[in-house]
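Coordinates as given in structure_38.tsv (TSV, C-alpha atoms):
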```tsv
chain	number	residue	atom	x	y	z
A	1	MET	CA	-154.80	21.14	-177.11
A	2	LYS	CA	-156.74	22.04	-174.00
A	3	GLN	CA	-155.25	19.09	-172.11
A	4	LEU	CA	-151.76	20.19	-173.17
A	5	LEU	CA	-152.37	23.70	-171.84
A	6	ILE	CA	-153.66	22.27	-168.56
A	7	ALA	CA	-150.53	20.10	-168.25
A	8	ASP	CA	-148.27	23.06	-169.01
A	9	LEU	CA	-150.12	25.17	-166.45
A	10	SER	CA	-149.67	22.45	-163.84
A	11	ASN	CA	-145.94	22.33	-164.52
A	12	VAL	CA	-145.58	26.11	-164.31
A	13	LEU	CA	-147.59	26.20	-161.09
A	14	ALA	CA	-145.44	23.45	-159.59
A	15	ILE	CA	-142.26	25.36	-160.41
A	16	PHE	CA	-143.69	28.55	-158.89
A	17	ILE	CA	-144.68	26.67	-155.72
A	18	LEU	CA	-141.21	25.13	-155.36
A	19	ILE	CA	-139.53	28.53	-155.76
A	20	THR	CA	-141.92	30.06	-153.22
A	21	LEU	CA	-141.35	27.27	-150.70
A	22	LEU	CA	-137.57	27.64	-151.02
A	23	TYR	CA	-137.87	31.39	-150.53
A	24	LEU	CA	-140.22	30.88	-147.59
A	25	PHE	CA	-137.76	28.54	-145.90
A	26	LEU	CA	-134.67	30.70	-146.45
A	27	ILE	CA	-136.14	34.11	-145.57
A	28	GLY	CA	-138.13	32.55	-142.74
A	29	SER	CA	-134.93	31.14	-141.25
A	30	LEU	CA	-133.27	34.57	-141.45
A	31	ILE	CA	-136.25	36.13	-139.67
A	32	ILE	CA	-135.94	33.58	-136.87
A	33	GLY	CA	-132.16	34.01	-136.82
A	34	PHE	CA	-132.44	37.78	-136.42
A	35	ASP	CA	-133.94	37.41	-132.94
A	36	LYS	CA	-131.33	34.84	-131.92
A	37	VAL	CA	-128.55	37.43	-132.09
A	38	GLU	CA	-128.55	39.16	-128.71
A	39	THR	CA	-128.47	42.94	-128.48
A	40	PHE	CA	-125.18	44.11	-127.01
A	41	TYR	CA	-125.00	46.84	-124.40
A	42	ILE	CA	-121.69	48.57	-123.60
A	43	PRO	CA	-120.37	47.38	-120.22
A	44	GLU	CA	-118.87	49.85	-117.78
A	45	LEU	CA	-115.29	48.83	-118.38
A	46	LYS	CA	-112.07	50.76	-118.78
A	47	ALA	CA	-111.02	51.01	-122.43
A	48	LYS	CA	-108.32	48.45	-123.29
A	49	THR	CA	-108.32	47.99	-127.06
A	50	LYS	CA	-106.21	50.10	-129.40
A	51	PHE	CA	-107.57	50.56	-132.90
A	52	SER	CA	-106.20	51.53	-136.31
A	53	ILE	CA	-109.02	52.94	-138.41
A	54	ILE	CA	-108.48	52.68	-142.17
A	55	VAL	CA	-110.30	54.96	-144.60
A	56	PRO	CA	-109.62	54.68	-148.36
A	57	PHE	CA	-110.84	57.72	-150.29
A	58	ARG	CA	-111.12	58.85	-153.88
A	59	ASN	CA	-112.51	62.30	-154.70
A	60	GLU	CA	-114.59	62.62	-151.52
A	61	ALA	CA	-114.12	66.34	-150.89
A	62	GLU	CA	-117.89	66.89	-150.68
A	63	ASN	CA	-118.43	64.13	-148.11
A	64	LEU	CA	-115.39	64.01	-145.84
A	65	HIS	CA	-116.61	66.70	-143.44
A	66	LEU	CA	-119.23	64.31	-142.01
A	67	LEU	CA	-116.66	61.63	-141.23
A	68	LEU	CA	-114.00	64.00	-139.92
A	69	SER	CA	-116.48	65.76	-137.66
A	70	SER	CA	-117.69	62.45	-136.23
A	71	PHE	CA	-114.10	61.30	-135.59
A	72	SER	CA	-113.46	64.43	-133.52
A	73	LYS	CA	-116.51	63.63	-131.35
A	74	LEU	CA	-115.56	60.03	-130.51
A	75	GLU	CA	-115.94	59.22	-126.82
A	76	TYR	CA	-112.75	57.16	-126.55
A	77	PRO	CA	-109.23	57.85	-125.24
A	78	ILE	CA	-107.48	59.79	-128.00
A	79	ASN	CA	-104.22	57.92	-127.44
A	80	MET	CA	-105.89	54.57	-128.13
A	81	PHE	CA	-106.72	54.98	-131.81
A	82	GLN	CA	-105.11	56.19	-134.99
A	83	LEU	CA	-106.58	57.18	-138.34
A	84	ILE	CA	-105.02	56.02	-141.60
A	85	PHE	CA	-106.34	57.63	-144.77
A	86	ILE	CA	-105.32	56.19	-148.14
A	87	ASN	CA	-105.59	58.52	-151.10
A	88	ASP	CA	-106.71	56.43	-154.06
A	89	GLU	CA	-105.57	58.77	-156.83
A	90	SER	CA	-107.91	61.64	-155.95
A	91	SER	CA	-107.98	64.66	-158.22
A	92	ASP	CA	-109.86	66.95	-155.84
A	93	ASP	CA	-108.98	68.64	-152.53
A	94	SER	CA	-109.74	65.64	-150.31
A	95	GLU	CA	-106.23	65.34	-148.91
A	96	ASN	CA	-106.02	68.99	-147.84
A	97	ILE	CA	-109.47	68.82	-146.26
A	98	ILE	CA	-108.38	65.88	-144.09
A	99	ALA	CA	-105.11	67.51	-143.08
A	100	ASN	CA	-106.67	70.89	-142.29
A	101	ALA	CA	-109.43	69.35	-140.19
A	102	LEU	CA	-107.32	66.93	-138.17
A	103	ASN	CA	-104.34	69.23	-137.64
A	104	LYS	CA	-106.63	71.19	-135.35
A	105	THR	CA	-107.05	68.12	-133.13
A	106	GLN	CA	-104.70	65.85	-131.20
A	107	ILE	CA	-105.80	62.78	-133.16
A	108	ASN	CA	-102.99	60.59	-134.49
A	109	PHE	CA	-103.48	60.39	-138.24
A	110	ARG	CA	-101.60	59.60	-141.44
A	111	ILE	CA	-102.34	60.11	-145.13
A	112	LEU	CA	-100.83	57.54	-147.47
A	113	GLN	CA	-100.84	57.27	-151.26
A	114	ASN	CA	-102.40	54.12	-152.66
A	115	GLU	CA	-100.21	51.75	-154.65
A	116	VAL	CA	-102.59	50.14	-157.14
A	117	SER	CA	-101.29	46.72	-158.14
A	118	SER	CA	-104.44	44.73	-158.80
A	119	ASN	CA	-107.94	44.91	-160.26
A	120	SER	CA	-109.17	46.04	-156.83
A	121	PRO	CA	-107.78	49.45	-155.82
A	122	LYS	CA	-109.76	49.41	-152.58
A	123	LYS	CA	-108.21	46.13	-151.48
A	124	ASP	CA	-104.79	47.57	-152.35
A	125	ALA	CA	-105.56	50.64	-150.24
A	126	ILE	CA	-106.73	48.63	-147.23
A	127	SER	CA	-103.72	46.32	-147.48
A	128	LEU	CA	-101.41	49.36	-147.47
A	129	GLY	CA	-103.23	50.74	-144.45
A	130	ILE	CA	-102.91	47.45	-142.57
A	131	ASP	CA	-99.19	47.28	-143.35
A	132	ASN	CA	-98.78	50.71	-141.74
A	133	ALA	CA	-101.15	50.14	-138.82
A	134	GLU	CA	-99.67	50.56	-135.35
A	135	ASN	CA	-102.36	48.52	-133.58
A	136	ASP	CA	-103.59	44.95	-133.86
A	137	TRP	CA	-107.28	45.75	-134.16
A	138	ILE	CA	-108.20	47.15	-137.58
A	139	ILE	CA	-111.48	48.93	-138.34
A	140	THR	CA	-112.46	49.86	-141.88
A	141	THR	CA	-114.99	52.48	-142.86
A	142	ASP	CA	-115.71	54.65	-145.90
A	143	ALA	CA	-115.07	58.32	-146.58
A	144	ASP	CA	-118.77	59.11	-147.05
A	145	CYS	CA	-119.76	57.81	-143.61
A	146	LYS	CA	-120.49	59.19	-140.17
A	147	VAL	CA	-119.57	57.17	-137.09
A	148	PRO	CA	-121.41	57.40	-133.73
A	149	LYS	CA	-119.62	58.80	-130.69
A	150	TYR	CA	-119.61	55.47	-128.82
A	151	TRP	CA	-118.44	53.55	-131.90
A	152	LEU	CA	-115.03	52.55	-130.57
A	153	ALA	CA	-116.39	52.03	-127.06
A	154	SER	CA	-118.89	49.54	-128.49
A	155	PHE	CA	-116.17	47.58	-130.28
A	156	ASP	CA	-113.91	47.68	-127.22
A	157	GLY	CA	-116.64	46.44	-124.88
A	158	PHE	CA	-117.55	43.66	-127.30
A	159	ILE	CA	-113.91	42.59	-127.63
A	160	GLN	CA	-113.49	42.53	-123.86
A	161	ARG	CA	-116.64	40.49	-123.37
A	162	GLN	CA	-116.28	38.14	-126.35
A	163	SER	CA	-113.47	35.94	-127.62
A	164	VAL	CA	-113.58	37.24	-131.17
A	165	ASP	CA	-111.29	37.83	-134.15
A	166	MET	CA	-113.63	39.64	-136.54
A	167	ILE	CA	-116.63	41.84	-135.81
A	168	ILE	CA	-119.41	42.63	-138.27
A	169	ALA	CA	-121.35	45.79	-137.39
A	170	PRO	CA	-124.43	47.61	-138.77
A	171	VAL	CA	-124.59	50.23	-141.52
A	172	VAL	CA	-127.56	52.39	-142.45
A	173	TYR	CA	-128.20	55.15	-144.98
A	174	PHE	CA	-128.90	58.73	-143.93
A	175	GLU	CA	-132.63	59.32	-143.91
A	176	SER	CA	-134.10	61.31	-146.78
A	177	GLU	CA	-137.50	62.04	-148.25
A	178	SER	CA	-136.55	61.45	-151.88
A	179	PHE	CA	-138.04	58.48	-153.74
A	180	LEU	CA	-134.66	57.03	-154.70
A	181	ASP	CA	-133.09	57.44	-151.26
A	182	ARG	CA	-135.95	55.70	-149.49
A	183	PHE	CA	-135.83	52.84	-151.96
A	184	GLN	CA	-132.12	52.43	-151.23
A	185	MET	CA	-132.73	52.57	-147.50
A	186	LEU	CA	-135.22	49.71	-147.73
A	187	ASP	CA	-132.87	47.70	-149.92
A	188	ASN	CA	-130.01	48.25	-147.46
A	189	MET	CA	-132.18	47.30	-144.49
A	190	SER	CA	-133.05	44.02	-146.15
A	191	LEU	CA	-129.32	43.31	-146.45
A	192	GLN	CA	-128.73	44.32	-142.82
A	193	GLY	CA	-131.58	42.10	-141.69
A	194	ALA	CA	-130.20	39.18	-143.69
A	195	SER	CA	-126.73	39.81	-142.28
A	196	VAL	CA	-127.95	39.62	-138.68
A	197	GLY	CA	-130.21	36.66	-139.46
A	198	GLY	CA	-127.34	34.75	-141.02
A	199	PHE	CA	-125.35	35.02	-137.80
A	200	GLY	CA	-128.41	33.92	-135.83
A	201	ILE	CA	-128.56	30.59	-137.67
A	202	ASN	CA	-124.76	30.18	-137.71
A	203	LYS	CA	-124.54	30.76	-141.46
A	204	PRO	CA	-123.08	34.28	-141.80
A	205	PHE	CA	-122.81	35.39	-145.40
A	206	LEU	CA	-123.11	39.20	-145.50
A	207	CYS	CA	-121.15	42.12	-144.06
A	208	ASN	CA	-120.29	45.71	-144.93
A	209	GLY	CA	-116.79	47.16	-145.15
A	210	ALA	CA	-118.09	50.51	-143.92
A	211	ASN	CA	-118.23	49.02	-140.42
A	212	LEU	CA	-115.93	46.05	-140.07
A	213	ALA	CA	-113.23	45.16	-137.52
A	214	TYR	CA	-110.67	42.39	-137.33
A	215	ARG	CA	-107.31	41.47	-135.84
A	216	LYS	CA	-104.35	42.49	-137.96
A	217	ASN	CA	-102.29	39.43	-137.04
A	218	LYS	CA	-105.13	37.09	-138.07
A	219	PHE	CA	-105.67	38.97	-141.32
A	220	LEU	CA	-102.00	38.66	-142.20
A	221	LYS	CA	-101.91	35.00	-141.17
A	222	LEU	CA	-104.81	34.35	-143.58
A	223	ARG	CA	-102.82	36.18	-146.30
A	224	GLY	CA	-105.23	39.07	-146.52
A	225	PHE	CA	-106.90	39.52	-149.88
A	226	GLU	CA	-104.69	37.00	-151.65
A	227	GLY	CA	-106.77	34.89	-154.00
A	228	ASN	CA	-109.49	37.46	-154.72
A	229	LYS	CA	-107.65	40.63	-155.81
A	230	SER	CA	-108.84	40.03	-159.36
A	231	ILE	CA	-112.38	40.77	-158.14
A	232	ALA	CA	-112.94	44.52	-158.01
A	233	SER	CA	-115.17	44.53	-154.93
A	234	GLY	CA	-115.53	42.25	-151.92
A	235	ASP	CA	-112.93	43.64	-149.52
A	236	ASP	CA	-115.47	42.83	-146.80
A	237	ILE	CA	-117.20	39.60	-147.90
A	238	PHE	CA	-114.10	37.71	-148.98
A	239	ALA	CA	-112.17	38.73	-145.87
A	240	MET	CA	-115.06	37.46	-143.74
A	241	GLN	CA	-115.11	34.18	-145.67
A	242	LYS	CA	-111.44	33.62	-144.90
A	243	PHE	CA	-111.98	34.26	-141.19
A	244	ILE	CA	-114.99	31.92	-141.10
A	245	GLU	CA	-113.13	29.14	-142.88
A	246	ASP	CA	-110.31	29.23	-140.34
A	247	PRO	CA	-111.26	26.98	-137.37
A	248	GLU	CA	-109.14	29.11	-135.05
A	249	CYS	CA	-111.03	32.33	-135.84
A	250	ARG	CA	-114.33	33.48	-134.40
A	251	VAL	CA	-116.55	35.93	-136.28
A	252	SER	CA	-119.43	37.67	-134.47
A	253	TYR	CA	-122.06	40.32	-135.13
A	254	LEU	CA	-122.13	43.45	-132.96
A	255	LYS	CA	-125.86	44.09	-132.63
A	256	SER	CA	-125.71	47.46	-130.93
A	257	GLU	CA	-127.50	50.71	-131.71
A	258	LEU	CA	-124.42	52.59	-130.50
A	259	ALA	CA	-122.28	50.99	-133.22
A	260	ILE	CA	-124.45	51.91	-136.22
A	261	VAL	CA	-122.49	53.73	-138.94
A	262	GLU	CA	-124.44	56.03	-141.25
A	263	THR	CA	-123.50	56.41	-144.90
A	264	LEU	CA	-124.67	58.29	-147.96
A	265	SER	CA	-126.93	56.66	-150.52
A	266	GLN	CA	-126.18	56.96	-154.23
A	267	PRO	CA	-127.19	60.36	-155.65
A	268	ASN	CA	-128.84	59.11	-158.84
A	269	LEU	CA	-130.17	56.00	-160.55
A	270	LYS	CA	-127.10	55.57	-162.74
A	271	SER	CA	-124.70	55.41	-159.80
A	272	LEU	CA	-127.09	53.17	-157.86
A	273	ILE	CA	-127.20	50.67	-160.73
A	274	ALA	CA	-123.40	50.74	-161.03
A	275	GLN	CA	-123.01	50.13	-157.29
A	276	ARG	CA	-125.45	47.22	-157.23
A	277	ILE	CA	-123.88	45.63	-160.33
A	278	ARG	CA	-120.52	45.93	-158.59
A	279	TRP	CA	-121.94	44.14	-155.55
A	280	ALA	CA	-123.76	41.47	-157.57
A	281	ALA	CA	-120.74	40.72	-159.78
A	282	LYS	CA	-118.87	39.18	-156.86
A	283	SER	CA	-121.67	36.78	-155.85
A	284	LYS	CA	-120.50	34.06	-158.25
A	285	ASN	CA	-117.27	33.90	-156.23
A	286	TYR	CA	-118.99	33.27	-152.90
A	287	LYS	CA	-117.68	30.07	-151.32
A	288	PRO	CA	-120.40	29.21	-148.78
A	289	ILE	CA	-123.14	27.11	-150.42
A	290	TYR	CA	-125.75	28.83	-148.25
A	291	ALA	CA	-124.81	32.26	-149.64
A	292	LYS	CA	-125.16	30.99	-153.21
A	293	VAL	CA	-128.50	29.34	-152.47
A	294	VAL	CA	-129.87	32.55	-150.94
A	295	ALA	CA	-128.68	34.61	-153.93
A	296	VAL	CA	-130.23	32.19	-156.42
A	297	SER	CA	-133.46	31.95	-154.42
A	298	VAL	CA	-133.89	35.73	-154.29
A	299	PHE	CA	-133.30	35.97	-158.04
A	300	LEU	CA	-135.71	33.12	-158.85
A	301	MET	CA	-138.43	34.52	-156.60
A	302	ASN	CA	-138.29	37.95	-158.22
A	303	ALA	CA	-137.94	36.49	-161.72
A	304	ALA	CA	-140.95	34.24	-161.08
A	305	LEU	CA	-143.09	37.26	-160.22
A	306	ILE	CA	-142.12	39.01	-163.44
A	307	ALA	CA	-142.70	35.84	-165.48
A	308	GLY	CA	-146.01	35.38	-163.67
A	309	ILE	CA	-147.20	38.81	-164.82
A	310	ILE	CA	-146.41	37.87	-168.42
A	311	PHE	CA	-148.17	34.51	-168.07
A	312	VAL	CA	-151.26	36.18	-166.58
A	313	VAL	CA	-151.42	38.67	-169.46
A	314	LEU	CA	-151.14	35.79	-171.94
A	315	GLY	CA	-153.86	33.90	-170.11
A	316	LEU	CA	-151.48	31.07	-169.17
A	317	PHE	CA	-151.54	31.53	-165.41
A	318	PRO	CA	-154.36	32.34	-162.94
A	319	LEU	CA	-154.16	35.83	-161.45
A	320	LYS	CA	-155.23	34.59	-158.01
A	321	ASN	CA	-152.23	32.23	-157.87
A	322	LEU	CA	-149.82	35.01	-158.77
A	323	LEU	CA	-151.36	37.30	-156.15
A	324	SER	CA	-151.03	34.56	-153.53
A	325	ILE	CA	-147.33	34.13	-154.28
A	326	PHE	CA	-146.81	37.90	-154.26
A	327	VAL	CA	-148.53	38.26	-150.87
A	328	ILE	CA	-146.38	35.50	-149.38
A	329	LYS	CA	-143.20	37.18	-150.65
A	330	ILE	CA	-143.99	40.72	-149.53
A	331	SER	CA	-145.18	39.48	-146.13
A	332	LEU	CA	-141.91	37.64	-145.52
A	333	ASP	CA	-139.85	40.57	-146.75
A	334	PHE	CA	-141.80	42.95	-144.53
A	335	LEU	CA	-141.20	40.85	-141.41
A	336	LEU	CA	-137.44	40.91	-141.98
A	337	LEU	CA	-137.51	44.62	-142.83
A	338	PHE	CA	-139.60	45.38	-139.75
A	339	LYS	CA	-137.06	43.73	-137.45
A	340	ALA	CA	-134.16	45.50	-139.16
A	341	ALA	CA	-135.96	48.87	-139.10
A	342	ARG	CA	-136.69	48.61	-135.38
A	343	PHE	CA	-133.05	47.78	-134.63
A	344	LEU	CA	-131.71	50.55	-136.89
A	345	ASN	CA	-134.23	53.12	-135.58
A	346	LYS	CA	-135.70	53.66	-139.05
A	347	ASP	CA	-139.32	52.62	-138.48
A	348	THR	CA	-140.75	55.45	-140.57
A	349	ILE	CA	-139.08	54.14	-143.72
A	350	LEU	CA	-141.48	51.18	-143.68
A	351	LEU	CA	-144.19	53.49	-145.04
A	352	SER	CA	-142.35	53.44	-148.36
A	353	TYR	CA	-142.52	49.65	-148.54
A	354	VAL	CA	-145.99	49.84	-150.10
A	355	TRP	CA	-144.67	51.08	-153.44
A	356	SER	CA	-141.12	49.75	-153.32
A	357	CYS	CA	-142.24	46.11	-153.15
A	358	PHE	CA	-143.69	46.49	-156.67
A	359	ILE	CA	-140.45	47.96	-158.06
A	360	TYR	CA	-137.98	45.68	-156.32
A	361	PRO	CA	-138.51	42.51	-158.45
A	362	PHE	CA	-137.76	44.40	-161.68
A	363	PHE	CA	-134.76	46.16	-160.13
A	364	THR	CA	-133.29	42.95	-158.73
A	365	VAL	CA	-133.64	40.93	-161.92
A	366	TYR	CA	-132.20	43.75	-164.02
A	367	ILE	CA	-129.15	44.06	-161.75
A	368	ALA	CA	-128.59	40.30	-161.76
A	369	VAL	CA	-128.71	40.09	-165.56
A	370	ARG	CA	-126.46	43.14	-165.99
A	371	SER	CA	-123.90	41.75	-163.55
A	372	VAL	CA	-123.57	38.62	-165.71
A	373	PHE	CA	-123.53	40.13	-169.18
A	374	GLY	CA	-121.97	43.56	-168.77
A	375	GLY	CA	-119.21	45.51	-167.07
A	376	TYR	CA	-119.66	48.65	-165.01
A	377	LYS	CA	-118.01	51.94	-164.12
A	378	TRP	CA	-117.23	52.91	-160.54
A	379	LYS	CA	-115.33	55.91	-159.19
A	380	ASP	CA	-114.44	56.90	-162.78
A	381	ARG	CA	-112.88	53.49	-163.39
A	382	GLY	CA	-114.20	50.90	-165.80
A	383	TYR	CA	-114.44	47.22	-164.79
A	384	LEU	CA	-115.20	44.16	-166.84
A	385	ARG	CA	-117.39	41.53	-165.26
```
Could I get this file's structure written as structure tokens?
Amino acid sequence: MKQLLIADLSNVLAIFILITLLYLFLIGSLIIGFDKVETFYIPELKAKTKFSIIVPFRNEAENLHLLLSSFSKLEYPINMFQLIFINDESSDDSENIIANALNKTQINFRILQNEVSSNSPKKDAISLGIDNAENDWIITTDADCKVPKYWLASFDGFIQRQSVDMIIAPVVYFESESFLDRFQMLDNMSLQGASVGGFGINKPFLCNGANLAYRKNKFLKLRGFEGNKSIASGDDIFAMQKFIEDPECRVSYLKSELAIVETLSQPNLKSLIAQRIRWAAKSKNYKPIYAKVVAVSVFLMNAALIAGIIFVVLGLFPLKNLLSIFVIKISLDFLLLFKAARFLNKDTILLSYVWSCFIYPFFTVYIAVRSVFGGYKWKDRGYLR
């Protein structure tokens, strides 16, 4: 019996070591990749690029003032960009708020009504916006965001300096002192760090539709969201995948502090869980093998830590081995977070890493399981997995 337990322990330990080594390799490569993406500084060039900025919205009356105010402060020729807002069946005063705010400016803007024809209203809204866009360069952002004043200047300078068809740019949450907000900020920074790192090793797999730009003609040539409209989310990821798969398209990351878009975190745990389930539900449809391997590795690493706690309690696994694995994981995660935090100017948030690293494994595993076995509700709409 004792020999059987020793054999079982050896097998469990071997599995844990393999999972840890895989995680070490993948996260380590993203850490190295992060530094390989050069920081971009806006060149002193005359603005040349005209943009159509698309903003879908649904019941965002409480948040729109941040975005509208930031649009009015953009340091970019006013005749070189237009705003297209798509009302996704709002029942509040969002549309009037937009009209009242922008009528006081000289900004070219339109408000369109979404035509929902698929399981993804946001993709329908963006498609409608693109169809009505006057300019070839499209930028998408969200109604609960705030853009920096040199946002368009950053994109324009990057386009003039680089031969590029799609640009991925950074997104960060507004800073807050609440427990939940800081946890979300750390989670988002890990995604931002992984996004940059992926580009650094030529295996991009993450982006955020709150700060994304691409050529309209290329988007239409690639048939837009055709093939993934049955998936509720992913207007950003699946569009990026199409651009990457096309040998004639170049996708790059705009690593610039002046291009960072700020957005609101989820107000409560329920909405946070729904948002993360929505994000996780699309992962099974990722095409790049690397993206799937990273997703599986992150899940296995966090699941192994939870299983390890159970094994330790049952006396089936040495505590020192579990602590060693945990230290390796949190050290790797911290290195990636540190680099992302420095770039995003959110160094102080790292103080919250001490407690969040204990919560994160349980949160991640729960979200992964829920995304497989249950639906979710988002923006007052129910979605099946």
Which residue gives the smallest distance to A:Asp181 among A:Val313, A:Val372, A:Ile349, A:Leu74, with only C-alpha atoms counted?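 For A:Asp181, the nearest of the given residues is A:Ile349.
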Can you tell me, as a compact mmCIF listing (two decimals) with C-alpha atoms, keeping the file's coordinate frame, what residues are no more than 12 Å from stretch 22-33 of chain A when counting all atoms listed in the file, ignoring any on the same chain fewer than 4 positions away?
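The new file selection.txt reads:
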```txt
# COMPACT_ATOMS: atom_id res chain seq x y z
CA ILE A 15 -142.26 25.36 -160.41
CA PHE A 16 -143.69 28.55 -158.89
CA ILE A 17 -144.68 26.67 -155.72
CA LEU A 18 -141.21 25.13 -155.36
CA VAL A 37 -128.55 37.43 -132.09
CA GLU A 38 -128.55 39.16 -128.71
CA SER A 190 -133.05 44.02 -146.15
CA LEU A 191 -129.32 43.31 -146.45
CA GLN A 192 -128.73 44.32 -142.82
CA GLY A 193 -131.58 42.10 -141.69
CA ALA A 194 -130.20 39.18 -143.69
CA SER A 195 -126.73 39.81 -142.28
CA VAL A 196 -127.95 39.62 -138.68
CA GLY A 197 -130.21 36.66 -139.46
CA GLY A 198 -127.34 34.75 -141.02
CA PHE A 199 -125.35 35.02 -137.80
CA GLY A 200 -128.41 33.92 -135.83
CA ILE A 201 -128.56 30.59 -137.67
CA ASN A 202 -124.76 30.18 -137.71
CA LYS A 203 -124.54 30.76 -141.46
CA PRO A 204 -123.08 34.28 -141.80
CA PHE A 205 -122.81 35.39 -145.40
CA LEU A 206 -123.11 39.20 -145.50
CA TYR A 290 -125.75 28.83 -148.25
CA ALA A 291 -124.81 32.26 -149.64
CA LYS A 292 -125.16 30.99 -153.21
CA VAL A 293 -128.50 29.34 -152.47
CA VAL A 294 -129.87 32.55 -150.94
CA ALA A 295 -128.68 34.61 -153.93
CA VAL A 296 -130.23 32.19 -156.42
CA SER A 297 -133.46 31.95 -154.42
CA VAL A 298 -133.89 35.73 -154.29
CA PHE A 299 -133.30 35.97 -158.04
CA LEU A 300 -135.71 33.12 -158.85
CA MET A 301 -138.43 34.52 -156.60
CA ASN A 302 -138.29 37.95 -158.22
CA ALA A 304 -140.95 34.24 -161.08
CA ILE A 325 -147.33 34.13 -154.28
CA PHE A 326 -146.81 37.90 -154.26
CA VAL A 327 -148.53 38.26 -150.87
CA ILE A 328 -146.38 35.50 -149.38
CA LYS A 329 -143.20 37.18 -150.65
CA ILE A 330 -143.99 40.72 -149.53
CA SER A 331 -145.18 39.48 -146.13
CA LEU A 332 -141.91 37.64 -145.52
CA ASP A 333 -139.85 40.57 -146.75
CA PHE A 334 -141.80 42.95 -144.53
CA LEU A 335 -141.20 40.85 -141.41
CA LEU A 336 -137.44 40.91 -141.98
CA LEU A 337 -137.51 44.62 -142.83
CA PHE A 338 -139.60 45.38 -139.75
CA LYS A 339 -137.06 43.73 -137.45
CA ALA A 340 -134.16 45.50 -139.16
```
Shortest contact to A:Trp137, candidates A:Asn79, A:Gln160, A:Asn87, A:Thr49, atoms counted all atoms listed in the file, goes to A:Thr49
With all atoms listed in the file as the atoms that count, which of A:Ile289, A:Ala213, A:Ser118, A:Asn268 lies nearest to A:Gly227?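 Of A:Ile289, A:Ala213, A:Ser118, A:Asn268, the one nearest A:Gly227, counting all atoms listed in the file, is A:Ser118.
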List the neighbours of stretch 359-368 of chain A out to 8 Å using all atoms listed in the file; skip same-chain residues closer than 6 positions along the sequence, and give me the result as number ranges by chain. A: 273, 276-277, 280, 299, 302-303, 305-306
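Residue neighbourhood of A:Phe174, excluding near-sequence residues (fewer than 4 positions): A:Asp181, A:Met185, A:Glu262, A:Thr263, A:Leu264, A:Ser265, at 9 Å, using only C-alpha atoms.
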Could the residues in this selection be saved with C-alpha atoms as an mmCIF file, in the coordinates of the input?
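Writing the result to result18.cif gives the following:
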```cif
data_model
loop_
_atom_site.group_PDB
_atom_site.id
_atom_site.type_symbol
_atom_site.label_atom_id
_atom_site.label_comp_id
_atom_site.auth_asym_id
_atom_site.auth_seq_id
_atom_site.Cartn_x
_atom_site.Cartn_y
_atom_site.Cartn_z
ATOM 1 C CA ASP A 181 -133.090 57.440 -151.260
ATOM 2 C CA MET A 185 -132.730 52.570 -147.500
ATOM 3 C CA GLU A 262 -124.440 56.030 -141.250
ATOM 4 C CA THR A 263 -123.500 56.410 -144.900
ATOM 5 C CA LEU A 264 -124.670 58.290 -147.960
ATOM 6 C CA SER A 265 -126.930 56.660 -150.520
#
```
Neighbours of A:Ala101 within 12 Å (all atoms listed in the file; same-chain residues fewer than 3 positions away dropped), as a count of residues only? 19
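Between atom CA of A:Ser154 and atom CA of A:Tyr214 lies a distance of 14.0 Å.
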Would you please work out which residue, of A:Val354, A:Leu323, A:Ile309, A:Cys145, is nearest to A:Ile260 when using all atoms listed in the file?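 Closest to A:Ile260, using all atoms listed in the file: A:Cys145.
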Excluding stretch 282-287 of chain A and any residue of its chain fewer than 5 positions from it, enumerate the residues within 9 Å of it, using all atoms listed in the file, and give them as a PyMOL selection string. chain A and resi 205+228+231-234+237-238+241+277+292+295+371+385
Select, from A:Asn217, A:Asn135, A:Asn119, A:Ser91, the residue with the minimum atom-to-atom distance to A:Ile54, counting all atoms listed in the file. A:Asn135
Please identify every residue of stretch 107-166 of chain A that has at least one atom no farther than 7 Å from an atom of stretch 242-250 of chain A, counting only C-alpha atoms, and for each give the shortest atom pair and the distance in Å to one decimal, arranged by chain then increasing number, as a tab-separated table.
```
residue	atom	partner	partner_atom	distance
A:Val164	CA	A:Arg250	CA	5.0
A:Asp165	CA	A:Arg250	CA	5.3
A:Met166	CA	A:Arg250	CA	6.6
```
Distance in Å - atom CA of A:Asp347 versus atom CA of A:Ala169: 19.3 Å
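Taking atom CA of A:Asp142 and atom CA of A:Ser117 as endpoints, the distance between them is 20.5 Å.
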Taking all atoms listed in the file into account, name the residue in A:Asp136, A:Leu269, A:Ile168, A:Trp151 that is nearest to A:Gln184.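 Once distances to A:Gln184 are computed over all atoms listed in the file, the minimum belongs to A:Leu269.
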